[in-house]
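Here's the structure we're looking at; comments come further down.
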Amino acid sequence: MTMASSAPQDPRRTGRYVYATAVFLLCAWVLGPLYLLFVNTLSSPEAVNSFPKAYVPEFNFESIEFFMEFAGMTSALWNSIKVATLTMIMSILVGAPAGYALSRFEFKGKETFRILILLTRAFPLPLLALPLAVLFIRTGLDDTIFGLALVHTTLAVPFAVLITFSLFSGIPMELEEAAWTLGCNRLTAFIKVVLPLILPGITASAIFAFVISWNEVFAAAVLTIENRTLTAFLLQNLDTSALHLKFAGGFILVVPALIFIFAVRKYLFAMWGIANR
């Protein structure tokens with residue numbers, strides 16, 4: 001009596017199943033909360049507080065209209081835009097030259113400098129809150145857009161340096177050397193040859209700086225009183241708010257960042273292509 005032996009399973013097929021499962025779980029982890037936020041924001045207060053929960057929005061804009069008409073909401077939104085824009089500009093002005101220097105020059109302490117850049121994120125912001133507040137009060141930077149943008153720039157610069165370093169490292173040095181032989185100096189070779197190739201990556205780095213500033217809440221809540229950003233404003237007002245208003249506040253905070261990222265997503269893909277050359 002013979003027993004049929006089962007055929008060995010294809011390891012490539014198993015790998016595809018594992019990969020598909022991992023992608024599905026990752027998408028569910030990211031998109032699930034966003035969908036629930038969307039449903040509860042666009043539902044009536046009664047539907048939000050009822051059980052079981054609805055999985056289809058009613059397209060009731062009562063909660064959003066309440067927040068948009070709330071005193072100080074518009075100015076807080078405008079402050080967030082100004083702080084994030086300043087952070088984006090300053091982080092690139094500081095991070096891009098540093099990334100270029102790390103990729104093109106050899107100097108003593110180069111590896112130590114790269115480690116120190118990462119160590120700037122090792123110190124938790126709450127630990128530095130009190131010294132920063134005292135320093136800003138003494139220098140007159142407390143409760144100002146520029147002062148808060150400086151703090152956000154320190155948070156974004158390490159990412160800007162490391163991203164631009166990888167991007168500049170993906171551009172062959174021979175391109176600049178060829179431009180030198182044709183009469184360009186280092187600056188003009190960078191502007192005419194390297195910058196057009198690296199511009200999508202620099203734009204993507206600026207996107208990260210913008211999003212970091214947009215989502216930051218601790219420094220904005222500690223260092224501002226009158227000129228609060230949207231995150232600090234919502235944190236201040238949502239603590240005692242009803243559940244449907246909390247969903248609306250989260251929606252107002254998340255949607256602008258998502259729109260900004262989708263609007264410039266082609267630069268993110270371009271950065272990925274440059275970094276993997």
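Labels for the structure tokens follow display order: chains A, B, ..., residues from 1 in each chain, ligands from 1.
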Write out as a tab-separated table a residue-level contact list of range 22-122 of chain A versus range 211-216 of chain A with cut-off 12 Å: for each qualifying residue the closest pair of atoms and the distance in Å to one decimal, counting only C-alpha atoms, rows sorted by chain and residue number upward.
```
residue	atom	partner	partner_atom	distance
A:Ala76	CA	A:Trp214	CA	11.4
A:Leu77	CA	A:Trp214	CA	9.9
A:Trp78	CA	A:Trp214	CA	11.2
A:Asn79	CA	A:Trp214	CA	10.0
A:Ser80	CA	A:Trp214	CA	6.2
A:Ile81	CA	A:Trp214	CA	7.6
A:Lys82	CA	A:Trp214	CA	9.8
A:Val83	CA	A:Ser213	CA	7.1
A:Ala84	CA	A:Ser213	CA	5.0
A:Thr85	CA	A:Ser213	CA	8.6
A:Leu86	CA	A:Ser213	CA	9.3
A:Thr87	CA	A:Ser213	CA	6.7
A:Met88	CA	A:Ser213	CA	8.2
A:Ile89	CA	A:Ser213	CA	11.5
A:Met90	CA	A:Ser213	CA	11.7
A:Ser91	CA	A:Ser213	CA	10.7
```
**Request:** May I have the residues within 6 Å of range 135-143 of chain A as a VMD selection string, using only C-alpha atoms and disregarding those fewer than 2 positions away in the same chain?
**Result:** chain A and resid 132 to 133 147 223 to 225 227
Would you mind exporting N, CA and C atoms of the selected residues as an mmCIF file, in the first residue's frame?
```
data_model
loop_
_atom_site.group_PDB
_atom_site.id
_atom_site.type_symbol
_atom_site.label_atom_id
_atom_site.label_comp_id
_atom_site.auth_asym_id
_atom_site.auth_seq_id
_atom_site.Cartn_x
_atom_site.Cartn_y
_atom_site.Cartn_z
ATOM 1 N N LEU A 132 15.102 76.016 27.677
ATOM 2 C CA LEU A 132 14.694 76.739 26.474
ATOM 3 C C LEU A 132 13.759 77.892 26.820
ATOM 4 N N ALA A 133 12.818 77.649 27.724
ATOM 5 C CA ALA A 133 11.883 78.706 28.105
ATOM 6 C C ALA A 133 12.613 79.879 28.752
ATOM 7 N N GLY A 147 10.951 82.181 17.107
ATOM 8 C CA GLY A 147 11.535 81.390 18.181
ATOM 9 C C GLY A 147 11.085 79.943 18.136
ATOM 10 N N LEU A 223 6.246 77.064 24.786
ATOM 11 C CA LEU A 223 6.929 78.306 24.419
ATOM 12 C C LEU A 223 6.003 79.367 23.850
ATOM 13 N N THR A 224 4.736 79.077 23.692
ATOM 14 C CA THR A 224 3.812 80.074 23.139
ATOM 15 C C THR A 224 2.589 80.208 24.040
ATOM 16 N N ILE A 225 2.037 81.418 24.040
ATOM 17 C CA ILE A 225 0.808 81.699 24.788
ATOM 18 C C ILE A 225 -0.219 82.351 23.868
ATOM 19 N N ASN A 227 0.559 83.276 20.544
ATOM 20 C CA ASN A 227 0.793 82.822 19.161
ATOM 21 C C ASN A 227 0.865 81.297 19.100
#
```
**Item:** Nearest-residue call for Ala220 in chain A, choices A:Pro126, A:Gly201, A:Pro256, A:Gly183, using only C-alpha atoms
**Value:**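 Closest to Ala220 in chain A of all the choices is A:Pro126.
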**Request:** Mind giving me the straight-line distance from CA of Val39 in chain A to CA of Tyr55 in chain A in Å, one decimal?
**Result:** 6.6 Å
**Item:** Straight-line distance linking CA of Ser166 in chain A with CA of Val94 in chain A, stated in Å to one decimal
**Value:**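 Between these atoms lies a distance of 15.6 Å.
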**Prompt:** Near Glu46 in chain A, counting only C-alpha atoms, which residues have an atom at most 12 Å away, once you skip same-chain residues fewer than 2 positions from it, shown as a PyMOL selection string?
**Reply:** chain A and resi 40-44+48-54+58+60+62-63+242-245
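Among the candidate residues A:Phe61, A:Phe67, A:Phe247, A:Ile252, the one lying nearest to Leu37 in chain A is A:Phe247, with distances computed using only C-alpha atoms.
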**Request:** Any chance you could list, as a count of residues only, the residues in range 117-198 of chain A that come up alpha helix (DSSP H) when DSSP is run on the backbone?
**Result:** 60
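Neighbouring residues of Pro158 in chain A at 9 Å or closer, counting only C-alpha atoms and skipping chain neighbours under 6 positions away, are A:Ser91, A:Gly95, A:Ile117, A:Leu118, A:Leu119, A:Thr120, A:Arg121.
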Would you save the residues from that selection as a PDB file, in the first residue's frame, using C-alpha atoms?
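Output below, filename selection30.pdb:
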```
ATOM      1  CA  SER A  91      16.357  73.245   7.923  1.00  0.00           C
ATOM      2  CA  GLY A  95      21.049  70.734   6.398  1.00  0.00           C
ATOM      3  CA  ILE A 117      23.978  64.857  14.476  1.00  0.00           C
ATOM      4  CA  LEU A 118      22.038  61.766  15.498  1.00  0.00           C
ATOM      5  CA  LEU A 119      22.666  62.423  19.192  1.00  0.00           C
ATOM      6  CA  THR A 120      20.784  65.700  18.933  1.00  0.00           C
ATOM      7  CA  ARG A 121      17.625  63.556  18.867  1.00  0.00           C
TER       8      ARG A 121
END
```
**Prompt:** Between A:Phe146, A:Phe123, A:Phe70, A:Phe262, which is the closest to Phe233 in chain A once you count only C-alpha atoms?
**Reply:**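 Using only C-alpha atoms, Phe233 in chain A sits closest to A:Phe70.
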**Asked** CA of Thr231 in chain A and CA of Gly249 in chain A are how many Å apart?
**Response** 9.2 Å
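Shortest atom-to-atom contact with Ile64 in chain A among A:Phe159, A:Phe113, A:Phe251, A:Phe260: A:Phe251, counting only C-alpha atoms.
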**Item:** Nearest-residue call for Leu125 in chain A, choices A:Val151, A:Ile259, A:Val23, A:Cys184, using only C-alpha atoms
**Value:**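 So, comparing all the options, the nearest one is A:Val151.
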**Asked** Using only C-alpha atoms, which residues sit within 12 Å of Arg186 in chain A once same-chain residues fewer than 3 positions away are excluded, as a list in words?
**Response**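 So, after excluding close chain neighbours, the residues are Tyr100, Arg104, Met173, Leu175, Glu176, Glu177, Ala178, Ala179, Trp180, Thr181, Leu182, Gly183, Ala189, Phe190, Ile191, Lys192, Val193, Val194 and Leu195 of chain A.
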If you keep C-alpha atoms, can you produce a file of those selected residues as a PDB file, in the first residue's frame?
```pdb
ATOM      1  CA  TYR A 100      27.056  68.220   0.821  1.00  0.00           C
ATOM      2  CA  ARG A 104      32.197  65.460  -0.753  1.00  0.00           C
ATOM      3  CA  MET A 173      31.710  63.160  -8.240  1.00  0.00           C
ATOM      4  CA  LEU A 175      29.952  65.010 -12.984  1.00  0.00           C
ATOM      5  CA  GLU A 176      31.296  67.930 -10.973  1.00  0.00           C
ATOM      6  CA  GLU A 177      34.855  67.231 -12.078  1.00  0.00           C
ATOM      7  CA  ALA A 178      33.744  67.307 -15.702  1.00  0.00           C
ATOM      8  CA  ALA A 179      32.106  70.682 -15.095  1.00  0.00           C
ATOM      9  CA  TRP A 180      35.355  71.962 -13.546  1.00  0.00           C
ATOM     10  CA  THR A 181      37.285  71.039 -16.679  1.00  0.00           C
ATOM     11  CA  LEU A 182      34.776  73.071 -18.726  1.00  0.00           C
ATOM     12  CA  GLY A 183      35.438  76.263 -16.796  1.00  0.00           C
ATOM     13  CA  ALA A 189      29.251  73.327 -11.010  1.00  0.00           C
ATOM     14  CA  PHE A 190      26.984  72.690  -8.062  1.00  0.00           C
ATOM     15  CA  ILE A 191      24.305  75.094  -9.321  1.00  0.00           C
ATOM     16  CA  LYS A 192      24.347  73.941 -12.948  1.00  0.00           C
ATOM     17  CA  VAL A 193      25.020  70.209 -12.569  1.00  0.00           C
ATOM     18  CA  VAL A 194      24.273  68.883  -9.089  1.00  0.00           C
ATOM     19  CA  LEU A 195      21.371  71.087  -8.001  1.00  0.00           C
TER      20      LEU A 195
END
```
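When only C-alpha atoms are used to measure the gap to Val157 in chain A, the shortest distance among A:Ala209, A:Ala219, A:Leu116, A:Ile202 belongs to A:Ala209.
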